[in-house]
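**Student:** final-v3.cif (mmCIF, C-alpha atoms) pasted underneath:
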```cif
data_target
loop_
_atom_site.label_atom_id
_atom_site.label_comp_id
_atom_site.auth_asym_id
_atom_site.auth_seq_id
_atom_site.Cartn_x
_atom_site.Cartn_y
_atom_site.Cartn_z
CA MET K 19 -2.64 25.06 -8.41
CA ASN K 20 1.00 26.10 -8.12
CA SER K 21 3.52 25.15 -5.49
CA PRO K 22 5.66 27.49 -3.43
CA GLU K 23 9.10 28.04 -4.96
CA VAL K 24 11.11 24.86 -4.49
CA THR K 25 14.79 24.25 -4.07
CA THR K 26 15.17 20.50 -3.65
CA PRO K 27 17.76 18.82 -5.89
CA LEU K 28 15.04 16.67 -7.48
CA ALA K 29 12.92 19.77 -8.20
CA GLU K 30 15.82 21.24 -10.17
CA LYS K 31 16.32 17.95 -12.01
CA ILE K 32 12.60 17.81 -12.93
CA LYS K 33 12.62 21.43 -14.10
CA THR K 34 15.59 20.69 -16.38
CA LEU K 35 13.71 17.71 -17.78
CA ILE K 36 10.59 19.84 -18.42
CA ARG K 37 12.61 22.61 -20.10
CA ALA K 38 14.18 20.03 -22.43
CA SER K 39 11.12 17.90 -23.27
CA GLY K 40 7.99 19.68 -22.09
CA PRO K 41 5.57 18.90 -19.22
CA ILE K 42 5.64 15.42 -17.69
CA SER K 43 2.71 13.25 -16.62
CA VAL K 44 1.63 12.95 -12.99
CA THR K 45 2.67 9.28 -13.32
CA ASP K 46 6.24 10.25 -14.22
CA TYR K 47 6.37 12.95 -11.54
CA PHE K 48 5.09 10.44 -8.93
CA ALA K 49 7.66 7.83 -9.99
CA LEU K 50 10.56 10.33 -9.98
CA CYS K 51 9.62 11.62 -6.53
CA LEU K 52 9.71 8.14 -5.02
CA ALA K 53 12.27 6.23 -7.08
CA ASP K 54 14.69 8.58 -8.86
CA PRO K 55 18.09 6.81 -8.48
CA GLU K 56 19.81 9.97 -7.22
CA PHE K 57 17.20 11.90 -5.26
CA GLY K 58 14.08 9.69 -4.96
CA TYR K 59 12.37 9.64 -1.57
CA TYR K 60 12.69 5.88 -1.01
CA ARG K 61 16.30 5.91 -2.21
CA THR K 62 17.55 8.61 0.15
CA ARG K 63 15.69 8.55 3.44
CA GLU K 64 14.18 6.48 6.22
CA PRO K 65 10.45 7.10 5.78
CA PHE K 66 9.08 4.90 8.55
CA GLY K 67 8.57 5.46 12.25
CA ARG K 68 8.69 8.43 14.58
CA HIS K 69 11.86 9.82 13.00
CA GLY K 70 10.55 9.36 9.45
CA ASP K 71 7.65 11.07 7.71
CA PHE K 72 4.84 8.67 8.59
CA VAL K 73 4.01 5.74 10.86
CA THR K 74 2.48 2.62 9.30
CA ALA K 75 0.07 0.31 11.13
CA PRO K 76 2.71 -2.37 11.95
CA GLU K 77 4.85 0.30 13.66
CA ILE K 78 1.93 1.39 15.89
CA SER K 79 1.52 -1.99 17.59
CA GLN K 80 2.51 -5.65 17.27
CA LEU K 81 -1.24 -6.37 17.29
CA PHE K 82 -1.58 -5.41 13.62
CA GLY K 83 0.97 -7.91 12.31
CA GLU K 84 -0.37 -10.57 14.65
CA MET K 85 -3.88 -10.22 13.19
CA VAL K 86 -2.46 -10.45 9.67
CA GLY K 87 -0.57 -13.59 10.74
CA ILE K 88 -3.79 -15.11 12.09
CA PHE K 89 -5.48 -14.36 8.76
CA MET K 90 -2.67 -16.10 6.84
CA VAL K 91 -2.99 -19.21 9.01
CA HIS K 92 -6.75 -19.24 8.39
CA ALA K 93 -6.29 -18.83 4.61
CA TRP K 94 -3.74 -21.67 4.60
CA GLN K 95 -6.06 -23.98 6.57
CA ARG K 96 -9.07 -23.18 4.35
CA GLN K 97 -7.04 -24.20 1.30
CA GLY K 98 -6.00 -27.63 2.55
CA SER K 99 -2.93 -26.80 4.69
CA PRO K 100 -0.34 -27.48 1.95
CA GLY K 101 3.15 -28.38 3.12
CA ASP K 102 5.20 -26.12 0.86
CA VAL K 103 4.28 -22.42 1.19
CA ARG K 104 5.72 -19.11 -0.02
CA LEU K 105 4.85 -16.26 2.34
CA VAL K 106 5.41 -13.05 0.40
CA GLU K 107 5.41 -9.43 1.52
CA ILE K 108 5.74 -6.74 -1.13
CA GLY K 109 7.24 -3.55 0.26
CA PRO K 110 8.01 -4.88 3.76
CA GLY K 111 9.18 -1.58 5.27
CA ARG K 112 11.34 -2.23 8.31
CA GLY K 113 10.28 -5.90 8.50
CA THR K 114 8.12 -5.23 11.56
CA MET K 115 4.89 -6.73 10.20
CA MET K 116 6.62 -9.86 8.94
CA SER K 117 8.31 -10.36 12.32
CA ASP K 118 4.95 -10.12 14.11
CA MET K 119 3.30 -12.43 11.55
CA LEU K 120 5.99 -15.09 11.90
CA ARG K 121 5.86 -15.00 15.70
CA VAL K 122 2.11 -15.72 15.71
CA ILE K 123 2.39 -18.34 12.93
CA GLN K 124 5.09 -20.15 14.89
CA ARG K 125 2.88 -20.14 17.98
CA ILE K 126 -0.48 -21.23 16.50
CA ALA K 127 0.53 -23.19 13.36
CA PRO K 128 3.96 -24.80 13.81
CA SER K 129 3.38 -27.13 10.84
CA LEU K 130 2.85 -24.09 8.58
CA MET K 131 6.02 -22.53 9.97
CA ASP K 132 7.95 -25.72 9.19
CA GLY K 133 6.93 -25.67 5.50
CA LEU K 134 7.28 -21.93 5.04
CA ARG K 135 9.74 -19.89 2.99
CA VAL K 136 9.57 -16.12 3.36
CA HIS K 137 10.05 -13.97 0.24
CA LEU K 138 10.47 -10.21 0.66
CA VAL K 139 10.10 -8.06 -2.45
CA GLU K 140 12.28 -5.03 -1.72
CA THR K 141 14.28 -2.86 -4.12
CA SER K 142 16.02 -0.70 -1.48
CA GLU K 143 19.36 -2.08 -0.27
CA ARG K 144 19.15 0.22 2.74
CA LEU K 145 15.75 -1.17 3.78
CA ARG K 146 16.94 -4.73 3.15
CA GLY K 147 19.63 -4.07 5.75
CA VAL K 148 17.02 -2.91 8.27
CA GLN K 149 14.85 -5.96 7.49
CA ARG K 150 17.81 -8.33 8.04
CA VAL K 151 18.26 -6.96 11.56
CA THR K 152 14.51 -7.06 12.38
CA LEU K 153 14.12 -10.63 11.07
CA GLU K 154 17.44 -12.06 12.24
CA ALA K 155 15.71 -14.83 14.22
CA TYR K 156 14.20 -16.16 10.96
CA SER K 157 17.20 -15.56 8.67
CA THR K 158 17.40 -19.14 7.38
CA LYS K 159 13.86 -18.90 5.99
CA ILE K 160 14.13 -15.54 4.17
CA SER K 161 15.00 -14.60 0.59
CA TRP K 162 14.95 -11.12 -0.96
CA HIS K 163 13.82 -10.25 -4.50
CA ASP K 164 13.80 -7.13 -6.64
CA SER K 165 10.56 -8.21 -8.32
CA PHE K 166 7.50 -10.28 -7.43
CA GLU K 167 8.04 -12.25 -10.65
CA ASP K 168 11.28 -13.61 -9.11
CA VAL K 169 9.43 -15.40 -6.28
CA PRO K 170 9.56 -19.18 -6.92
CA GLU K 171 6.42 -20.93 -8.15
CA GLY K 172 4.07 -22.67 -5.72
CA PHE K 173 1.28 -22.07 -3.21
CA THR K 174 1.57 -18.43 -2.17
CA LEU K 175 0.29 -16.26 0.67
CA ILE K 176 0.77 -12.55 -0.08
CA ALA K 177 0.63 -9.56 2.28
CA ALA K 178 0.32 -6.14 0.61
CA ASN K 179 -0.02 -3.45 3.29
CA GLU K 180 0.26 0.11 1.94
CA LEU K 181 1.65 -1.18 -1.36
CA PHE K 182 -0.84 0.15 -3.90
CA ASP K 183 -0.93 3.74 -2.62
CA ALA K 184 2.74 4.13 -3.58
CA ILE K 185 2.22 2.94 -7.17
CA PRO K 186 1.93 5.96 -9.52
CA ILE K 187 -1.42 7.11 -10.90
CA ARG K 188 -2.52 9.12 -13.93
CA GLN K 189 -4.76 12.15 -13.41
CA PHE K 190 -7.24 13.69 -15.84
CA VAL K 191 -8.88 17.09 -15.43
CA ARG K 192 -12.25 18.18 -16.83
CA THR K 193 -11.79 21.00 -19.36
CA PRO K 194 -14.24 22.70 -21.76
CA THR K 195 -13.23 20.06 -24.33
CA GLY K 196 -13.60 17.02 -22.06
CA PHE K 197 -11.12 15.26 -19.78
CA ARG K 198 -7.43 15.96 -20.50
CA GLU K 199 -4.41 14.40 -18.86
CA ARG K 200 -3.05 16.48 -15.99
CA LEU K 201 0.66 17.19 -16.37
CA VAL K 202 3.40 18.86 -14.33
CA GLY K 203 4.94 21.83 -16.13
CA LEU K 204 6.47 25.19 -15.28
CA GLY K 205 4.51 28.25 -14.15
CA PRO K 206 5.20 31.92 -14.97
CA GLU K 207 7.84 32.17 -12.23
CA ASP K 208 9.58 28.92 -13.22
CA GLU K 209 7.82 27.05 -10.43
CA LEU K 210 6.43 23.52 -10.81
CA SER K 211 2.76 23.82 -11.76
CA PHE K 212 -0.12 21.58 -12.85
CA VAL K 213 -1.21 22.05 -16.48
CA ALA K 214 -3.67 20.29 -18.80
CA GLY K 215 -2.20 18.19 -21.61
CA ILE K 216 -3.56 16.78 -24.86
CA ALA K 217 -4.22 13.11 -23.99
CA THR K 218 -7.88 12.25 -23.38
CA LEU K 219 -9.68 9.49 -21.51
CA ASP K 220 -12.21 6.95 -22.79
CA PRO K 221 -15.53 8.20 -21.26
CA VAL K 222 -16.62 4.61 -20.47
CA ILE K 223 -13.99 4.56 -17.69
CA LEU K 224 -15.68 7.45 -15.87
CA PRO K 225 -18.20 6.76 -13.09
CA ALA K 226 -20.61 9.41 -14.46
CA PRO K 227 -21.36 11.03 -17.87
CA VAL K 228 -18.89 13.76 -18.82
CA ALA K 229 -21.64 16.34 -19.40
CA SER K 230 -22.61 16.34 -15.72
CA ILE K 231 -19.08 16.90 -14.39
CA PRO K 232 -17.95 20.47 -13.48
CA GLU K 233 -14.82 21.89 -15.08
CA GLY K 234 -11.70 21.44 -12.97
CA THR K 235 -12.86 18.06 -11.61
CA ILE K 236 -10.06 15.48 -11.33
CA PHE K 237 -10.40 11.80 -12.19
CA GLU K 238 -7.64 9.39 -11.20
CA PHE K 239 -6.85 6.29 -13.24
CA ALA K 240 -4.21 3.75 -12.21
CA PRO K 241 -3.20 1.31 -14.96
CA ALA K 242 0.05 0.53 -13.09
CA ARG K 243 -1.95 -0.58 -10.05
CA GLN K 244 -4.19 -2.68 -12.28
CA ALA K 245 -1.09 -4.37 -13.73
CA VAL K 246 0.27 -5.24 -10.28
CA MET K 247 -3.11 -6.62 -9.19
CA GLN K 248 -3.29 -8.65 -12.40
CA THR K 249 0.14 -10.15 -11.69
CA LEU K 250 -0.84 -11.16 -8.15
CA CYS K 251 -4.09 -12.71 -9.39
CA GLU K 252 -2.35 -14.70 -12.12
CA ARG K 253 0.02 -16.16 -9.54
CA LEU K 254 -2.86 -17.24 -7.31
CA ARG K 255 -4.86 -18.64 -10.22
CA ASN K 256 -1.88 -20.71 -11.41
CA PHE K 257 -0.48 -21.94 -8.09
CA GLY K 258 -3.14 -21.39 -5.41
CA GLY K 259 -3.09 -19.22 -2.33
CA SER K 260 -4.42 -15.87 -1.15
CA ALA K 261 -3.44 -12.21 -1.18
CA LEU K 262 -4.46 -9.69 1.47
CA VAL K 263 -4.58 -6.04 0.35
CA ILE K 264 -4.77 -3.30 3.00
CA ASP K 265 -4.54 0.35 2.01
CA TYR K 266 -5.78 3.91 2.37
CA GLY K 267 -8.59 4.40 -0.11
CA HIS K 268 -12.24 4.18 -1.12
CA MET K 269 -14.59 1.30 -1.91
CA VAL K 270 -16.39 2.99 -4.82
CA THR K 271 -14.82 4.57 -7.91
CA SER K 272 -15.37 8.32 -7.78
CA PHE K 273 -13.99 11.72 -8.81
CA GLY K 274 -11.52 13.77 -6.78
CA ASP K 275 -7.88 14.75 -6.42
CA THR K 276 -6.28 12.46 -3.81
CA LEU K 277 -2.62 13.06 -4.70
CA GLN K 278 -0.92 13.97 -1.44
CA ALA K 279 2.55 14.43 0.02
CA VAL K 280 3.54 13.78 3.63
CA LYS K 281 6.64 15.30 5.20
CA ASN K 282 7.58 15.20 8.89
CA HIS K 283 4.20 13.65 9.78
CA ASP K 284 2.31 16.53 8.15
CA TYR K 285 0.75 17.20 4.75
CA ASP K 286 2.87 19.04 2.18
CA PRO K 287 1.71 20.42 -1.21
CA PRO K 288 2.43 17.65 -3.78
CA LEU K 289 4.71 19.89 -5.89
CA ALA K 290 6.49 21.57 -2.96
CA SER K 291 9.26 19.15 -1.94
CA PRO K 292 9.99 16.54 -4.65
CA GLY K 293 12.21 13.78 -3.26
CA GLU K 294 11.85 15.01 0.32
CA ALA K 295 8.21 14.04 0.96
CA ASP K 296 6.36 10.76 0.55
CA LEU K 297 3.90 10.88 -2.34
CA THR K 298 0.74 8.74 -2.34
CA SER K 299 -2.85 8.72 -3.52
CA HIS K 300 -5.99 6.90 -2.41
CA VAL K 301 -6.49 3.36 -3.69
CA ASP K 302 -9.63 2.63 -5.70
CA PHE K 303 -10.68 -0.73 -4.27
CA GLU K 304 -13.60 -1.10 -6.67
CA ASP K 305 -11.11 -0.96 -9.53
CA LEU K 306 -8.84 -3.59 -7.91
CA ALA K 307 -11.88 -5.82 -7.29
CA LYS K 308 -12.86 -5.58 -10.97
CA VAL K 309 -9.35 -6.66 -11.99
CA ALA K 310 -9.54 -9.64 -9.64
CA LEU K 311 -12.94 -10.78 -10.89
CA ALA K 312 -11.87 -10.36 -14.53
CA SER K 313 -8.86 -12.58 -13.71
CA GLY K 314 -11.23 -15.38 -12.74
CA ILE K 315 -10.23 -15.64 -9.09
CA HIS K 316 -12.26 -15.50 -5.88
CA LEU K 317 -12.79 -12.14 -4.16
CA ASN K 318 -13.46 -11.56 -0.47
CA GLY K 319 -14.16 -7.90 0.26
CA GLY K 320 -14.31 -5.31 1.33
CA LEU K 321 -14.08 -4.25 4.93
CA HIS K 322 -12.86 -1.25 6.85
CA GLN K 323 -9.58 -2.02 8.61
CA GLY K 324 -11.35 -1.77 11.98
CA GLU K 325 -13.94 -4.40 11.01
CA PHE K 326 -11.18 -6.66 9.70
CA LEU K 327 -9.02 -6.44 12.84
CA TYR K 328 -11.88 -6.81 15.31
CA GLY K 329 -13.25 -9.71 13.28
CA LEU K 330 -9.96 -11.57 13.71
CA GLY K 331 -9.90 -11.10 17.49
CA LEU K 332 -8.11 -7.79 18.04
CA ALA K 333 -10.02 -6.96 21.24
CA GLU K 334 -9.33 -10.38 22.79
CA ARG K 335 -5.64 -10.30 21.88
CA ALA K 336 -5.27 -6.74 23.22
CA SER K 337 -6.84 -7.81 26.52
CA ALA K 338 -4.41 -10.73 26.80
CA LEU K 339 -1.49 -8.44 25.99
CA ALA K 340 -2.57 -5.89 28.62
CA ARG K 341 -3.07 -8.47 31.38
CA ASP K 342 -0.69 -8.01 34.34
CA LYS K 343 0.80 -4.88 32.75
CA GLU K 344 1.22 -1.54 34.49
CA PRO K 345 -1.72 0.88 34.01
CA SER K 346 0.45 3.14 31.82
CA GLU K 347 1.22 0.22 29.48
CA GLN K 348 -2.44 -0.80 29.41
CA ARG K 349 -3.36 2.73 28.33
CA LEU K 350 -0.78 2.57 25.53
CA ILE K 351 -2.24 -0.72 24.27
CA ALA K 352 -5.78 0.70 24.38
CA ALA K 353 -4.63 3.80 22.48
CA ALA K 354 -2.95 1.64 19.84
CA VAL K 355 -6.15 -0.40 19.37
CA ASP K 356 -8.14 2.81 18.93
CA ARG K 357 -5.64 4.18 16.43
CA LEU K 358 -5.59 0.98 14.37
CA ALA K 359 -9.27 0.09 14.49
CA GLY K 360 -11.20 3.13 15.68
CA GLU K 361 -14.00 4.41 13.48
CA GLY K 362 -14.57 8.08 12.80
CA ALA K 363 -13.00 10.99 11.00
CA GLY K 364 -9.29 10.58 10.42
CA LYS K 365 -8.96 7.17 12.11
CA MET K 366 -7.21 4.28 10.39
CA GLY K 367 -10.01 1.86 11.25
CA GLU K 368 -12.26 3.68 8.78
CA LEU K 369 -9.80 5.27 6.33
CA PHE K 370 -8.06 1.99 5.48
CA LYS K 371 -9.88 -0.71 3.52
CA VAL K 372 -9.24 -4.45 3.13
CA ILE K 373 -9.91 -7.03 0.43
CA ALA K 374 -8.63 -10.57 -0.04
CA VAL K 375 -8.37 -12.64 -3.21
CA SER K 376 -7.78 -16.38 -3.52
CA GLY K 377 -6.97 -18.85 -6.26
CA SER K 378 -9.81 -21.14 -5.17
CA ALA K 379 -13.40 -20.39 -4.14
CA VAL K 380 -12.93 -20.15 -0.39
CA ASN K 381 -14.76 -17.80 1.95
CA LEU K 382 -12.33 -16.33 4.44
CA MET K 383 -13.00 -14.80 7.84
CA PRO K 384 -13.83 -12.14 8.77
CA PHE K 385 -15.21 -11.27 5.33
CA ARG K 386 -18.90 -11.81 4.67
CA PRO K 387 -19.58 -15.07 2.78
CA VAL K 388 -19.82 -14.81 -1.00
CA ASP K 389 -22.18 -17.16 -2.85
#
```
Can you present the structure in this file as structure tokens?

**Tutor:**
Amino acid sequence: MNSPEVTTPLAEKIKTLIRASGPISVTDYFALCLADPEFGYYRTREPFGRHGDFVTAPEISQLFGEMVGIFMVHAWQRQGSPGDVRLVEIGPGRGTMMSDMLRVIQRIAPSLMDGLRVHLVETSERLRGVQRVTLEAYSTKISWHDSFEDVPEGFTLIAANELFDAIPIRQFVRTPTGFRERLVGLGPEDELSFVAGIATLDPVILPAPVASIPEGTIFEFAPARQAVMQTLCERLRNFGGSALVIDYGHMVTSFGDTLQAVKNHDYDPPLASPGEADLTSHVDFEDLAKVALASGIHLNGGLHQGEFLYGLGLAERASALARDKEPSEQRLIAAAVDRLAGEGAGKMGELFKVIAVSGSAVNLMPFRPVD
């Protein structure tokens, strides 16, 4: 599959790189598109909100962050209500979700709020500036870090909303000689184009025998996501706490090309606008769950986002929020609830999945109890 002819500055930079050294992996292409120091998407533009390229759940309604805040209070209580807590968000966007979380924590668990330090893992100076404005009321409690490893030791509550889908993946394509790594090279008209490389894949990783898979089938493998999950799990195993992972993805490992670009709230071919479109792929929650279990920590999972939000009281909170409001505002709140938690084709309530992991064997609401 080839892209239309491209003219973005990053496309030209990638082409120069390919001419000099040969095709690059999908992982490297993914990373360059998002994080190139000169032209990377997250380095150069404001991706969030109506004027960006996509709207995340916290930007749709305060209800989302409030439900996550309620979950964090519950996880803290179930693990003995320790007095010294690190509340961590990795990739906090505009700071909207953290603001909504802290407001509900302050209201329903003032003793947790008293012992809380907020740690935001954010590499973008521009987004840090936005977060400082959003979270000004809590400025004395907040620290920023370039890396999760820089967060101080201790009991930790972690929020990871739409984190894993932005971590680069590898792709492998079924060829007559087995699965080969999918690369980004140059086509006959000097356009960016997908090509098959030399590197192969251990067949035991695949969810079905190679012989039964049609040629051209894509399999996605995400060692970088596994490494991040491993790091979170090690923190929880060593110091206690819980991590909540919410993302666009699937519960069962399967085949398929899920690499996608979003530009101006619409889909864009992945090779069409490097640096000017957000690049993501679906998260394999079965794979993340396997990493967690292999790390020896407790897994709660998985739910659709709609089940998770309703299970924490979304409907009741929405009703309270709508009370005494004008009918037009009530309709907006109802529409936001449907967008966040509605089931059915294309709705976030079904497309997004949720798991939680903890350093101790605690069953957390609204997940089904694990023996």

**Student:** Report as a list of chain:residue names the residues that result from applying the PyMOL selection byres ((chain K and resi 275-281) around 7) to the structure here.

**Tutor:**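 On the file shown, the PyMOL selection byres ((chain K and resi 275-281) around 7) covers K:Asp71, K:Ile236, K:Phe237, K:Gly274, K:Asn282, K:His283, K:Asp284, K:Tyr285, K:Asp286, K:Pro287, K:Pro288, K:Ala295, K:Asp296, K:Leu297, K:Thr298, K:Ser299, K:His300.
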
**Student:** Build an axis-aligned box that encloses every atom of range 358-363 of chain K listed in the file, pad it by 4 Å on each side, and report its centre and edge lengths in Å to one decimal, as AutoDock Vina command-line options.

**Tutor:**
```
--center_x -10.1 --center_y 5.5 --center_z 13.3 --size_x 17.0 --size_y 18.9 --size_z 12.7
```

**Student:** Return the single residue from K:Leu317, K:Ile264, K:Val309, K:Val169 that is closest to Val103 in chain K, with distances computed using only C-alpha atoms.

**Tutor:**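 When distances to Val103 in chain K are compared using only C-alpha atoms, the smallest one comes from K:Val169.
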
**Student:** Do you have the CA of Met131 in chain K-CA of Glu84 in chain K distance handy?

**Tutor:**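 The value is 14.3 Å.
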
**Student:** Which residue, K:Thr45, K:Gln149, K:Thr174, K:Ser79, has the smallest gap to Leu339 in chain K when you use only C-alpha atoms?

**Tutor:**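 Among the listed residues, the smallest separation from Leu339 in chain K belongs to K:Ser79.
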
**Student:** Rank K:Gln97, K:Asn381, K:Ser376, K:Ser346 by their smallest atom-to-atom distance to Leu250 in chain K, using all atoms listed in the file, and report the top residue only.

**Tutor:**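 Counting all atoms listed in the file, the residue closest to Leu250 in chain K is K:Ser376.
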
**Student:** Output range 136-155 of chain K from the block with N, CA, C and O atoms, as a compact mmCIF listing (two decimals), in the first residue's frame?

**Tutor:**
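Saved file decode28.txt follows:
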```
# COMPACT_ATOMS: atom_id res chain seq x y z
N VAL K 136 1.47 14.83 43.47
CA VAL K 136 1.13 14.53 42.08
C VAL K 136 2.40 14.57 41.23
O VAL K 136 3.18 15.52 41.31
N HIS K 137 2.59 13.53 40.43
CA HIS K 137 3.77 13.44 39.56
C HIS K 137 3.29 13.26 38.12
O HIS K 137 2.64 12.27 37.79
N LEU K 138 3.60 14.24 37.26
CA LEU K 138 3.20 14.20 35.87
C LEU K 138 4.41 13.86 35.01
O LEU K 138 5.43 14.56 35.07
N VAL K 139 4.31 12.79 34.25
CA VAL K 139 5.39 12.37 33.36
C VAL K 139 5.08 12.97 31.98
O VAL K 139 4.17 12.52 31.29
N GLU K 140 5.83 13.99 31.61
CA GLU K 140 5.56 14.76 30.40
C GLU K 140 6.87 15.26 29.80
O GLU K 140 7.63 15.95 30.48
N THR K 141 7.13 14.92 28.55
CA THR K 141 8.38 15.34 27.91
C THR K 141 8.24 16.65 27.14
O THR K 141 9.24 17.27 26.81
N SER K 142 7.00 17.08 26.86
CA SER K 142 6.79 18.29 26.06
C SER K 142 6.74 19.53 26.95
O SER K 142 5.84 19.65 27.80
N GLU K 143 7.66 20.45 26.74
CA GLU K 143 7.66 21.70 27.52
C GLU K 143 6.39 22.50 27.23
O GLU K 143 5.84 23.15 28.12
N ARG K 144 5.93 22.45 25.98
CA ARG K 144 4.73 23.19 25.61
C ARG K 144 3.51 22.67 26.37
O ARG K 144 2.73 23.45 26.92
N LEU K 145 3.38 21.33 26.44
CA LEU K 145 2.25 20.76 27.18
C LEU K 145 2.40 20.97 28.69
O LEU K 145 1.40 21.16 29.39
N ARG K 146 3.62 20.97 29.19
CA ARG K 146 3.81 21.27 30.62
C ARG K 146 3.25 22.66 30.95
O ARG K 146 2.65 22.88 32.00
N GLY K 147 3.46 23.60 30.03
CA GLY K 147 2.93 24.95 30.23
C GLY K 147 1.41 24.96 30.30
O GLY K 147 0.81 25.64 31.15
N VAL K 148 0.76 24.19 29.42
CA VAL K 148 -0.70 24.08 29.44
C VAL K 148 -1.15 23.44 30.75
O VAL K 148 -2.12 23.88 31.39
N GLN K 149 -0.45 22.38 31.18
CA GLN K 149 -0.81 21.68 32.42
C GLN K 149 -0.67 22.59 33.64
O GLN K 149 -1.50 22.54 34.56
N ARG K 150 0.36 23.45 33.64
CA ARG K 150 0.54 24.37 34.77
C ARG K 150 -0.66 25.30 34.92
O ARG K 150 -1.09 25.59 36.04
N VAL K 151 -1.20 25.76 33.80
CA VAL K 151 -2.37 26.64 33.84
C VAL K 151 -3.59 25.85 34.33
O VAL K 151 -4.32 26.29 35.23
N THR K 152 -3.83 24.68 33.76
CA THR K 152 -4.99 23.86 34.12
C THR K 152 -4.99 23.50 35.60
O THR K 152 -6.04 23.46 36.25
N LEU K 153 -3.80 23.21 36.14
CA LEU K 153 -3.68 22.67 37.50
C LEU K 153 -3.15 23.71 38.49
O LEU K 153 -2.63 23.34 39.55
N GLU K 154 -3.34 24.98 38.16
CA GLU K 154 -2.78 26.05 39.00
C GLU K 154 -3.25 25.95 40.45
O GLU K 154 -2.48 26.21 41.38
N ALA K 155 -4.49 25.54 40.66
CA ALA K 155 -5.03 25.46 42.03
C ALA K 155 -4.30 24.44 42.89
O ALA K 155 -4.37 24.49 44.12
```
